[in-house]
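A.B. asks: What follows is coords28.cif; its format and atoms are mmCIF, C-alpha atoms.
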```cif
data_start
loop_
_atom_site.label_atom_id
_atom_site.label_comp_id
_atom_site.auth_asym_id
_atom_site.auth_seq_id
_atom_site.Cartn_x
_atom_site.Cartn_y
_atom_site.Cartn_z
CA MET A 1 -16.57 46.09 -21.24
CA SER A 2 -12.99 45.30 -20.32
CA VAL A 3 -11.43 41.92 -19.54
CA THR A 4 -7.96 41.01 -18.34
CA VAL A 5 -6.01 38.58 -20.51
CA LEU A 6 -3.13 36.51 -19.13
CA LEU A 7 -0.55 34.94 -21.40
CA PHE A 8 2.03 32.34 -20.46
CA ALA A 9 5.17 30.62 -21.70
CA SER A 10 5.43 30.54 -25.51
CA TYR A 11 2.32 32.72 -25.95
CA ALA A 12 3.71 35.42 -23.66
CA ASP A 13 6.99 35.34 -25.60
CA ALA A 14 5.17 35.57 -28.95
CA LEU A 15 2.97 38.53 -27.98
CA GLY A 16 5.69 40.20 -25.93
CA THR A 17 3.58 40.55 -22.76
CA SER A 18 2.13 38.39 -20.02
CA SER A 19 -0.98 40.44 -19.34
CA LEU A 20 -3.14 43.02 -21.07
CA HIS A 21 -6.58 44.60 -20.89
CA VAL A 22 -8.90 44.22 -23.86
CA ASP A 23 -12.09 46.21 -24.51
CA LEU A 24 -14.88 44.14 -26.03
CA GLU A 25 -18.51 44.64 -26.91
CA ASP A 26 -20.86 43.43 -24.18
CA GLY A 27 -21.85 39.81 -24.74
CA SER A 28 -18.60 38.87 -26.51
CA THR A 29 -17.50 35.25 -26.37
CA VAL A 30 -14.12 33.75 -25.57
CA ARG A 31 -13.71 32.95 -29.27
CA GLN A 32 -14.29 36.59 -30.23
CA LEU A 33 -11.66 37.65 -27.71
CA VAL A 34 -9.17 35.18 -29.18
CA GLY A 35 -9.96 36.57 -32.64
CA ARG A 36 -9.06 40.05 -31.40
CA LEU A 37 -5.82 38.84 -29.86
CA ARG A 38 -4.84 37.10 -33.08
CA GLU A 39 -4.86 40.46 -34.85
CA ARG A 40 -1.94 41.59 -32.71
CA ALA A 41 1.71 41.49 -33.75
CA GLY A 42 3.36 38.16 -32.97
CA ALA A 43 0.02 36.41 -32.53
CA HIS A 44 0.68 33.87 -35.31
CA ALA A 45 1.82 31.55 -32.50
CA LEU A 46 -1.70 31.66 -31.03
CA PRO A 47 -3.97 28.91 -32.42
CA PRO A 48 -7.57 29.86 -33.36
CA ASP A 49 -8.95 27.62 -30.60
CA PRO A 50 -6.43 27.59 -27.72
CA LEU A 51 -7.04 26.16 -24.27
CA ILE A 52 -8.77 28.84 -22.17
CA ALA A 53 -9.46 29.43 -18.50
CA VAL A 54 -11.94 32.05 -17.33
CA ASN A 55 -11.43 33.10 -13.72
CA GLU A 56 -9.07 30.15 -13.17
CA ARG A 57 -11.41 27.44 -14.55
CA TYR A 58 -11.14 25.78 -17.95
CA ALA A 59 -13.81 27.19 -20.26
CA ARG A 60 -15.14 26.56 -23.77
CA GLY A 61 -14.73 28.99 -26.64
CA ASP A 62 -18.47 29.67 -26.95
CA ILE A 63 -19.04 30.99 -23.42
CA THR A 64 -19.98 34.63 -22.97
CA LEU A 65 -17.58 36.86 -21.07
CA SER A 66 -18.48 39.39 -18.39
CA ALA A 67 -16.84 42.69 -17.53
CA GLY A 68 -13.86 42.15 -15.25
CA ASP A 69 -13.31 38.50 -16.18
CA THR A 70 -9.76 37.20 -16.16
CA VAL A 71 -9.13 35.12 -19.26
CA ALA A 72 -6.00 32.96 -19.37
CA ILE A 73 -4.79 31.73 -22.74
CA ILE A 74 -3.11 28.45 -21.92
CA PRO A 75 -0.35 26.95 -24.08
CA PRO A 76 -0.09 23.15 -24.22
CA VAL A 77 0.59 22.16 -20.62
CA ALA A 78 3.83 20.35 -19.83
CA GLY A 79 3.89 19.58 -16.13
CA GLY A 80 5.32 16.43 -14.60
CA MET B 1 -4.41 15.15 1.41
CA HIS B 2 -1.50 17.43 0.69
CA ALA B 3 -1.00 19.12 -2.70
CA ARG B 4 1.13 22.14 -3.42
CA LEU B 5 3.51 23.94 -5.73
CA VAL B 6 6.99 24.40 -4.27
CA ARG B 7 10.09 26.40 -5.16
CA GLU B 8 12.45 24.58 -2.84
CA PRO B 9 13.71 21.02 -3.54
CA ILE B 10 11.07 18.33 -3.03
CA ASP B 11 11.66 16.25 0.12
CA ALA B 12 10.76 12.72 -0.98
CA GLY B 13 11.14 11.33 2.54
CA GLY B 14 8.78 13.99 3.85
CA LEU B 15 6.16 13.07 1.24
CA LEU B 16 6.40 9.39 2.19
CA ALA B 17 6.22 10.13 5.89
CA GLY B 18 3.06 12.15 5.24
CA VAL B 19 1.18 9.14 3.85
CA SER B 20 2.49 6.41 6.16
CA ARG B 21 0.03 5.03 8.72
CA SER B 22 -0.26 1.69 10.43
CA ALA B 23 -3.44 0.99 8.39
CA ASN B 24 -1.50 1.27 5.14
CA GLY B 25 0.09 -1.93 3.89
CA ALA B 26 1.41 -0.11 0.85
CA THR B 27 3.12 3.24 0.49
CA LEU B 28 4.22 4.26 -2.96
CA LEU B 29 6.46 7.10 -4.10
CA PHE B 30 6.70 8.40 -7.67
CA LEU B 31 9.34 10.96 -8.59
CA GLY B 32 9.57 12.76 -11.92
CA VAL B 33 13.21 13.66 -12.52
CA VAL B 34 14.95 16.01 -14.98
CA ARG B 35 16.42 13.77 -17.66
CA GLU B 36 19.60 14.43 -19.64
CA VAL B 37 18.17 13.79 -23.11
CA ASN B 38 14.82 14.74 -24.66
CA ASP B 39 13.94 14.08 -28.30
CA GLY B 40 17.58 13.35 -28.99
CA ARG B 41 18.83 16.69 -27.64
CA ALA B 42 21.24 17.01 -24.71
CA VAL B 43 19.40 18.82 -21.88
CA SER B 44 21.31 20.82 -19.25
CA GLY B 45 18.32 21.89 -17.13
CA ILE B 46 14.61 22.76 -17.11
CA GLU B 47 12.75 25.88 -16.01
CA TYR B 48 9.18 25.30 -14.79
CA SER B 49 6.56 28.04 -14.60
CA ALA B 50 2.83 27.98 -13.88
CA TYR B 51 -0.42 29.90 -13.74
CA GLU B 52 0.07 29.55 -10.04
CA PRO B 53 -3.38 30.05 -8.45
CA MET B 54 -5.05 27.80 -11.00
CA ALA B 55 -2.25 25.20 -10.99
CA ALA B 56 -2.39 24.98 -7.19
CA ARG B 57 -6.16 24.51 -7.32
CA GLU B 58 -5.97 21.89 -10.07
CA LEU B 59 -3.36 19.94 -8.09
CA GLY B 60 -5.66 19.99 -5.08
CA ASP B 61 -8.65 18.95 -7.21
CA ILE B 62 -6.66 16.03 -8.63
CA GLY B 63 -5.78 14.90 -5.12
CA GLN B 64 -9.43 15.11 -4.01
CA GLU B 65 -10.66 13.30 -7.11
CA ALA B 66 -8.07 10.54 -6.66
CA ALA B 67 -9.14 10.16 -3.03
CA GLN B 68 -12.75 9.60 -4.10
CA ARG B 69 -12.01 7.51 -7.17
CA PHE B 70 -9.61 5.06 -5.51
CA GLY B 71 -10.68 5.26 -1.87
CA VAL B 72 -7.26 6.58 -0.91
CA THR B 73 -7.07 9.10 1.89
CA ASP B 74 -3.32 9.42 2.17
CA ILE B 75 -2.05 11.40 -0.80
CA ALA B 76 0.80 13.91 -0.99
CA ILE B 77 1.63 15.74 -4.23
CA GLU B 78 4.27 18.42 -4.82
CA HIS B 79 5.29 20.02 -8.10
CA ARG B 80 8.43 22.13 -8.27
CA LEU B 81 8.67 25.49 -10.04
CA GLY B 82 11.76 27.46 -11.05
CA GLU B 83 15.10 26.33 -12.45
CA LEU B 84 16.02 22.67 -12.02
CA ALA B 85 19.30 20.91 -12.79
CA LEU B 86 19.64 17.37 -14.15
CA GLU B 87 18.50 14.68 -11.70
CA GLU B 88 16.47 17.13 -9.63
CA VAL B 89 12.91 16.11 -8.79
CA SER B 90 10.21 18.06 -10.63
CA VAL B 91 7.19 16.23 -9.24
CA GLY B 92 6.66 13.92 -6.27
CA ILE B 93 3.57 11.81 -5.58
CA ALA B 94 3.21 9.68 -2.46
CA VAL B 95 0.20 7.42 -1.91
CA GLY B 96 -0.61 5.26 1.09
CA HIS B 97 -3.35 2.60 1.01
CA PRO B 98 -4.11 -0.63 2.83
CA HIS B 99 -3.46 -2.52 -0.45
CA ARG B 100 -0.93 -2.10 -3.25
CA ALA B 101 -3.30 -2.34 -6.24
CA GLU B 102 -5.19 0.82 -5.33
CA ALA B 103 -1.97 2.64 -4.44
CA TYR B 104 -0.45 1.90 -7.87
CA GLU B 105 -3.65 2.86 -9.69
CA ALA B 106 -4.04 6.13 -7.80
CA SER B 107 -0.39 7.10 -8.31
CA ARG B 108 -0.54 6.46 -12.06
CA TRP B 109 -3.84 8.31 -12.41
CA ILE B 110 -2.51 11.34 -10.52
CA ILE B 111 0.60 11.79 -12.69
CA GLU B 112 -1.39 11.39 -15.92
CA GLU B 113 -3.96 13.99 -14.75
CA ILE B 114 -1.15 16.40 -13.80
CA LYS B 115 0.29 16.09 -17.29
CA ARG B 116 -3.13 16.49 -18.87
CA ARG B 117 -4.54 19.52 -17.09
CA VAL B 118 -2.36 21.40 -14.59
CA PRO B 119 -1.28 24.72 -16.18
CA ILE B 120 2.46 24.27 -15.81
CA TRP B 121 5.01 24.82 -18.60
CA LYS B 122 8.61 23.86 -18.97
CA ARG B 123 11.41 25.41 -20.95
CA GLU B 124 14.29 23.09 -21.62
CA HIS B 125 17.82 24.44 -21.61
CA TYR B 126 20.09 22.54 -23.98
CA ALA B 127 23.79 21.83 -23.76
CA ASP B 128 24.35 23.98 -26.88
CA GLY B 129 23.06 27.08 -25.02
CA THR B 130 19.62 27.27 -26.68
CA ARG B 131 16.30 27.00 -24.83
CA GLU B 132 12.81 26.04 -25.93
CA TRP B 133 9.31 25.71 -24.49
CA VAL B 134 8.20 22.07 -24.55
CA ASP B 135 4.97 21.36 -26.45
CA PRO B 136 3.84 17.80 -25.69
CA THR B 137 1.08 18.07 -28.32
CA ARG B 138 3.55 18.66 -31.15
CA GLY B 139 4.94 15.11 -31.26
CA ALA B 140 1.42 13.69 -30.98
CA ALA B 141 0.20 15.77 -33.94
CA GLU B 142 3.17 14.66 -36.02
CA ALA B 143 2.57 11.03 -35.05
CA ARG B 144 -1.04 11.30 -36.22
CA ALA B 145 -0.10 12.99 -39.49
#
```
Could the structure of this file be written out as structure tokens, please?
C.D. replies:
Amino acid sequence: MSVTVLLFASYADALGTSSLHVDLEDGSTVRQLVGRLRERAGAHALPPDPLIAVNERYARGDITLSAGDTVAIIPPVAGG
Amino acid sequence: MHARLVREPIDAGGLLAGVSRSANGATLLFLGVVREVNDGRAVSGIEYSAYEPMAARELGDIGQEAAQRFGVTDIAIEHRLGELALEEVSVGIAVGHPHRAEAYEASRWIIEEIKRRVPIWKREHYADGTREWVDPTRGAAEARA
């Protein structure tokens, strides 16, 4: 299955892109996706357990992803 | 309840007018403003970006939750995105309530929730020409160490 990954701010700079598609085995978790991303060049900036949103809602690392999900990897927020 | 992300300058008077009613004995306005020094470095401006659909929804959720939690119906929240110069307003929160105690509590709660959970990032531009994404968790981790 394929999911869309969105990257922002310092994470987008580090990985050199703000969005990508990742192919995963069915039943993969958020944490497994993050593990895959951390294998990419520049991904040292990505912590092992970053803040995540699935389909625009905050989500835990152990939830199972579905085909077509949009997964946002969220750097420490700094609004205000 | 009004909550939105904006790219144009925040109109503080407009926010206040939006929460003023004859039932409200207190109207309160909080403005977050771009400051000239952060962590000892001279700042020349700040660039704000967001995961816009989620940030807009979180702002709205915060407004709704504040309304329930504090019994406040008159709430207006705007957060600016884009490039801001010193002294420009990055966030505006107006609260109207019959009594001041609830207005102060709601206003404080709203700004702390915005800082805690709305997916907005800022990159500071420094007077020496460099720029850096701000990580509010970094100082906290160092303080704990």
A.B. asks: Using only C-alpha atoms, I'd like a table of the residues in chain B that come within 10 Å of chain A; for each, show the closest atom pair and its distance in Å rounded to one decimal, ordered by chain and ascending number, as JSON lines.
C.D. replies:
```
{"residue": "B:Leu31", "atom": "CA", "partner": "A:Gly80", "partner_atom": "CA", "distance": 9.1}
{"residue": "B:Gly32", "atom": "CA", "partner": "A:Gly80", "partner_atom": "CA", "distance": 6.2}
{"residue": "B:Val33", "atom": "CA", "partner": "A:Gly80", "partner_atom": "CA", "distance": 8.6}
{"residue": "B:Val34", "atom": "CA", "partner": "A:Gly80", "partner_atom": "CA", "distance": 9.6}
{"residue": "B:Tyr48", "atom": "CA", "partner": "A:Gly79", "partner_atom": "CA", "distance": 7.9}
{"residue": "B:Ser49", "atom": "CA", "partner": "A:Ala9", "partner_atom": "CA", "distance": 7.7}
{"residue": "B:Ala50", "atom": "CA", "partner": "A:Phe8", "partner_atom": "CA", "distance": 7.9}
{"residue": "B:Tyr51", "atom": "CA", "partner": "A:Phe8", "partner_atom": "CA", "distance": 7.6}
{"residue": "B:Glu52", "atom": "CA", "partner": "A:Glu56", "partner_atom": "CA", "distance": 9.7}
{"residue": "B:Pro53", "atom": "CA", "partner": "A:Glu56", "partner_atom": "CA", "distance": 7.4}
{"residue": "B:Met54", "atom": "CA", "partner": "A:Glu56", "partner_atom": "CA", "distance": 5.1}
{"residue": "B:Ala55", "atom": "CA", "partner": "A:Glu56", "partner_atom": "CA", "distance": 8.7}
{"residue": "B:Arg57", "atom": "CA", "partner": "A:Glu56", "partner_atom": "CA", "distance": 8.6}
{"residue": "B:Glu58", "atom": "CA", "partner": "A:Arg57", "partner_atom": "CA", "distance": 9.0}
{"residue": "B:His79", "atom": "CA", "partner": "A:Gly80", "partner_atom": "CA", "distance": 7.4}
{"residue": "B:Arg80", "atom": "CA", "partner": "A:Gly80", "partner_atom": "CA", "distance": 9.1}
{"residue": "B:Leu81", "atom": "CA", "partner": "A:Gly79", "partner_atom": "CA", "distance": 9.7}
{"residue": "B:Val89", "atom": "CA", "partner": "A:Gly80", "partner_atom": "CA", "distance": 9.6}
{"residue": "B:Ser90", "atom": "CA", "partner": "A:Gly80", "partner_atom": "CA", "distance": 6.5}
{"residue": "B:Val91", "atom": "CA", "partner": "A:Gly80", "partner_atom": "CA", "distance": 5.7}
{"residue": "B:Gly92", "atom": "CA", "partner": "A:Gly80", "partner_atom": "CA", "distance": 8.8}
{"residue": "B:Ile111", "atom": "CA", "partner": "A:Gly80", "partner_atom": "CA", "distance": 6.9}
{"residue": "B:Glu112", "atom": "CA", "partner": "A:Gly80", "partner_atom": "CA", "distance": 8.5}
{"residue": "B:Glu113", "atom": "CA", "partner": "A:Gly80", "partner_atom": "CA", "distance": 9.6}
{"residue": "B:Ile114", "atom": "CA", "partner": "A:Gly79", "partner_atom": "CA", "distance": 6.4}
{"residue": "B:Lys115", "atom": "CA", "partner": "A:Gly79", "partner_atom": "CA", "distance": 5.1}
{"residue": "B:Arg116", "atom": "CA", "partner": "A:Val77", "partner_atom": "CA", "distance": 7.0}
{"residue": "B:Arg117", "atom": "CA", "partner": "A:Val77", "partner_atom": "CA", "distance": 6.8}
{"residue": "B:Val118", "atom": "CA", "partner": "A:Gly79", "partner_atom": "CA", "distance": 6.7}
{"residue": "B:Pro119", "atom": "CA", "partner": "A:Val77", "partner_atom": "CA", "distance": 5.5}
{"residue": "B:Ile120", "atom": "CA", "partner": "A:Gly79", "partner_atom": "CA", "distance": 4.9}
{"residue": "B:Trp121", "atom": "CA", "partner": "A:Ala78", "partner_atom": "CA", "distance": 4.8}
{"residue": "B:Lys122", "atom": "CA", "partner": "A:Ala78", "partner_atom": "CA", "distance": 6.0}
{"residue": "B:Arg123", "atom": "CA", "partner": "A:Ala9", "partner_atom": "CA", "distance": 8.2}
{"residue": "B:Glu132", "atom": "CA", "partner": "A:Ser10", "partner_atom": "CA", "distance": 8.7}
{"residue": "B:Trp133", "atom": "CA", "partner": "A:Ser10", "partner_atom": "CA", "distance": 6.3}
{"residue": "B:Val134", "atom": "CA", "partner": "A:Ala78", "partner_atom": "CA", "distance": 6.7}
{"residue": "B:Asp135", "atom": "CA", "partner": "A:Pro76", "partner_atom": "CA", "distance": 5.8}
{"residue": "B:Pro136", "atom": "CA", "partner": "A:Ala78", "partner_atom": "CA", "distance": 6.4}
{"residue": "B:Thr137", "atom": "CA", "partner": "A:Pro76", "partner_atom": "CA", "distance": 6.6}
{"residue": "B:Arg138", "atom": "CA", "partner": "A:Pro76", "partner_atom": "CA", "distance": 9.0}
```
A.B. asks: On this file, the PyMOL selection byres ((chain A and resi 66) around 8) gives some set of residues; write that set as a list in words.
C.D. replies: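 Expected selection for the PyMOL selection byres ((chain A and resi 66) around 8) here is Met1, Val3, Asp26, Gly27, Thr64, Leu65, Ala67, Gly68 and Asp69 of chain A.
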A.B. asks: Which residues fall under the PyMOL selection byres ((chain B and resi 86) around 12) in this file, as an MDAnalysis selection string?
C.D. replies: chainID B and resid 32:38 42:47 83:85 87:90 124:127
A.B. asks: Just the selected residues (C-alpha atoms), exported as a PDB file, in the coordinates of the input, please.
C.D. replies:
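Final file, out-v9.pdb:
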```pdb
ATOM      1  CA  GLY B  32       9.570  12.760 -11.920  1.00  0.00           C
ATOM      2  CA  VAL B  33      13.210  13.660 -12.520  1.00  0.00           C
ATOM      3  CA  VAL B  34      14.950  16.010 -14.980  1.00  0.00           C
ATOM      4  CA  ARG B  35      16.420  13.770 -17.660  1.00  0.00           C
ATOM      5  CA  GLU B  36      19.600  14.430 -19.640  1.00  0.00           C
ATOM      6  CA  VAL B  37      18.170  13.790 -23.110  1.00  0.00           C
ATOM      7  CA  ASN B  38      14.820  14.740 -24.660  1.00  0.00           C
ATOM      8  CA  ALA B  42      21.240  17.010 -24.710  1.00  0.00           C
ATOM      9  CA  VAL B  43      19.400  18.820 -21.880  1.00  0.00           C
ATOM     10  CA  SER B  44      21.310  20.820 -19.250  1.00  0.00           C
ATOM     11  CA  GLY B  45      18.320  21.890 -17.130  1.00  0.00           C
ATOM     12  CA  ILE B  46      14.610  22.760 -17.110  1.00  0.00           C
ATOM     13  CA  GLU B  47      12.750  25.880 -16.010  1.00  0.00           C
ATOM     14  CA  GLU B  83      15.100  26.330 -12.450  1.00  0.00           C
ATOM     15  CA  LEU B  84      16.020  22.670 -12.020  1.00  0.00           C
ATOM     16  CA  ALA B  85      19.300  20.910 -12.790  1.00  0.00           C
ATOM     17  CA  GLU B  87      18.500  14.680 -11.700  1.00  0.00           C
ATOM     18  CA  GLU B  88      16.470  17.130  -9.630  1.00  0.00           C
ATOM     19  CA  VAL B  89      12.910  16.110  -8.790  1.00  0.00           C
ATOM     20  CA  SER B  90      10.210  18.060 -10.630  1.00  0.00           C
ATOM     21  CA  GLU B 124      14.290  23.090 -21.620  1.00  0.00           C
ATOM     22  CA  HIS B 125      17.820  24.440 -21.610  1.00  0.00           C
ATOM     23  CA  TYR B 126      20.090  22.540 -23.980  1.00  0.00           C
ATOM     24  CA  ALA B 127      23.790  21.830 -23.760  1.00  0.00           C
TER      25      ALA B 127
END
```
A.B. asks: To verify the selection step, state as a list in words which residues the PyMOL selection byres ((chain B and resi 4) around 8) yields on this input.
C.D. replies: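 Selected by the PyMOL selection byres ((chain B and resi 4) around 8) in this file: His2, Ala3, Leu5, Val6, Ala56, Leu59, Gly60, Ile77, Glu78 and His79 of chain B.
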A.B. asks: One number please: atom CA of Ile52 of chain A to atom CA of Arg31 of chain A, in Å, one decimal.
C.D. replies: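 Interatomic distance, atom CA of Ile52 of chain A to atom CA of Arg31 of chain A: 9.6 Å.
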A.B. asks: Just add N, CA and C atoms to segment 32-66 of chain B and send it as a CSV table (one decimal), keeping the file's coordinate frame.
C.D. replies:
```csv
chain,number,residue,atom,x,y,z
B,32,GLY,N,9.2,12.4,-10.6
B,32,GLY,CA,9.6,12.8,-11.9
B,32,GLY,C,10.9,13.5,-11.8
B,33,VAL,N,11.8,13.2,-12.7
B,33,VAL,CA,13.2,13.7,-12.5
B,33,VAL,C,13.7,14.3,-13.8
B,34,VAL,N,14.4,15.4,-13.8
B,34,VAL,CA,15.0,16.0,-15.0
B,34,VAL,C,16.0,15.1,-15.6
B,35,ARG,N,15.7,14.8,-16.9
B,35,ARG,CA,16.4,13.8,-17.7
B,35,ARG,C,17.4,14.4,-18.6
B,36,GLU,N,18.5,13.8,-18.9
B,36,GLU,CA,19.6,14.4,-19.6
B,36,GLU,C,19.4,14.5,-21.1
B,37,VAL,N,18.4,13.7,-21.7
B,37,VAL,CA,18.2,13.8,-23.1
B,37,VAL,C,16.7,13.8,-23.4
B,38,ASN,N,16.2,14.7,-24.2
B,38,ASN,CA,14.8,14.7,-24.7
B,38,ASN,C,14.8,14.9,-26.2
B,39,ASP,N,14.0,14.0,-26.8
B,39,ASP,CA,13.9,14.1,-28.3
B,39,ASP,C,15.3,14.1,-29.0
B,40,GLY,N,16.3,13.4,-28.4
B,40,GLY,CA,17.6,13.4,-29.0
B,40,GLY,C,18.5,14.5,-28.7
B,41,ARG,N,18.0,15.5,-27.9
B,41,ARG,CA,18.8,16.7,-27.6
B,41,ARG,C,19.4,16.6,-26.2
B,42,ALA,N,20.6,17.0,-26.0
B,42,ALA,CA,21.2,17.0,-24.7
B,42,ALA,C,20.7,18.2,-23.9
B,43,VAL,N,20.0,17.8,-22.8
B,43,VAL,CA,19.4,18.8,-21.9
B,43,VAL,C,20.3,19.1,-20.7
B,44,SER,N,20.5,20.5,-20.4
B,44,SER,CA,21.3,20.8,-19.2
B,44,SER,C,20.5,21.2,-18.0
B,45,GLY,N,19.2,21.5,-18.3
B,45,GLY,CA,18.3,21.9,-17.1
B,45,GLY,C,16.9,22.2,-17.6
B,46,ILE,N,16.0,22.4,-16.7
B,46,ILE,CA,14.6,22.8,-17.1
B,46,ILE,C,14.1,23.9,-16.2
B,47,GLU,N,13.4,24.8,-16.8
B,47,GLU,CA,12.8,25.9,-16.0
B,47,GLU,C,11.2,25.6,-16.0
B,48,TYR,N,10.6,25.5,-14.9
B,48,TYR,CA,9.2,25.3,-14.8
B,48,TYR,C,8.5,26.6,-14.4
B,49,SER,N,7.4,26.9,-15.0
B,49,SER,CA,6.6,28.0,-14.6
B,49,SER,C,5.1,27.6,-14.6
B,50,ALA,N,4.2,28.4,-14.0
B,50,ALA,CA,2.8,28.0,-13.9
B,50,ALA,C,1.9,29.2,-13.8
B,51,TYR,N,0.7,29.0,-14.1
B,51,TYR,CA,-0.4,29.9,-13.7
B,51,TYR,C,-0.7,29.5,-12.3
B,52,GLU,N,0.0,30.1,-11.4
B,52,GLU,CA,0.1,29.6,-10.0
B,52,GLU,C,-1.2,29.3,-9.3
B,53,PRO,N,-2.2,30.3,-9.2
B,53,PRO,CA,-3.4,30.0,-8.4
B,53,PRO,C,-4.2,28.9,-9.0
B,54,MET,N,-4.3,28.9,-10.4
B,54,MET,CA,-5.0,27.8,-11.0
B,54,MET,C,-4.3,26.5,-10.9
B,55,ALA,N,-3.0,26.5,-11.1
B,55,ALA,CA,-2.2,25.2,-11.0
B,55,ALA,C,-2.4,24.6,-9.6
B,56,ALA,N,-2.3,25.5,-8.6
B,56,ALA,CA,-2.4,25.0,-7.2
B,56,ALA,C,-3.8,24.4,-7.0
B,57,ARG,N,-4.8,25.0,-7.5
B,57,ARG,CA,-6.2,24.5,-7.3
B,57,ARG,C,-6.4,23.2,-8.1
B,58,GLU,N,-5.8,23.1,-9.3
B,58,GLU,CA,-6.0,21.9,-10.1
B,58,GLU,C,-5.3,20.7,-9.4
B,59,LEU,N,-4.1,21.0,-8.8
B,59,LEU,CA,-3.4,19.9,-8.1
B,59,LEU,C,-4.2,19.4,-6.9
B,60,GLY,N,-4.8,20.4,-6.2
B,60,GLY,CA,-5.7,20.0,-5.1
B,60,GLY,C,-6.9,19.2,-5.5
B,61,ASP,N,-7.5,19.7,-6.7
B,61,ASP,CA,-8.6,19.0,-7.2
B,61,ASP,C,-8.3,17.5,-7.6
B,62,ILE,N,-7.1,17.4,-8.2
B,62,ILE,CA,-6.7,16.0,-8.6
B,62,ILE,C,-6.5,15.1,-7.4
B,63,GLY,N,-5.9,15.7,-6.3
B,63,GLY,CA,-5.8,14.9,-5.1
B,63,GLY,C,-7.1,14.5,-4.6
B,64,GLN,N,-8.1,15.4,-4.5
B,64,GLN,CA,-9.4,15.1,-4.0
B,64,GLN,C,-10.1,14.1,-4.9
B,65,GLU,N,-10.0,14.2,-6.2
B,65,GLU,CA,-10.7,13.3,-7.1
B,65,GLU,C,-10.1,11.9,-7.0
B,66,ALA,N,-8.7,11.8,-6.8
B,66,ALA,CA,-8.1,10.5,-6.7
B,66,ALA,C,-8.5,9.9,-5.4
```
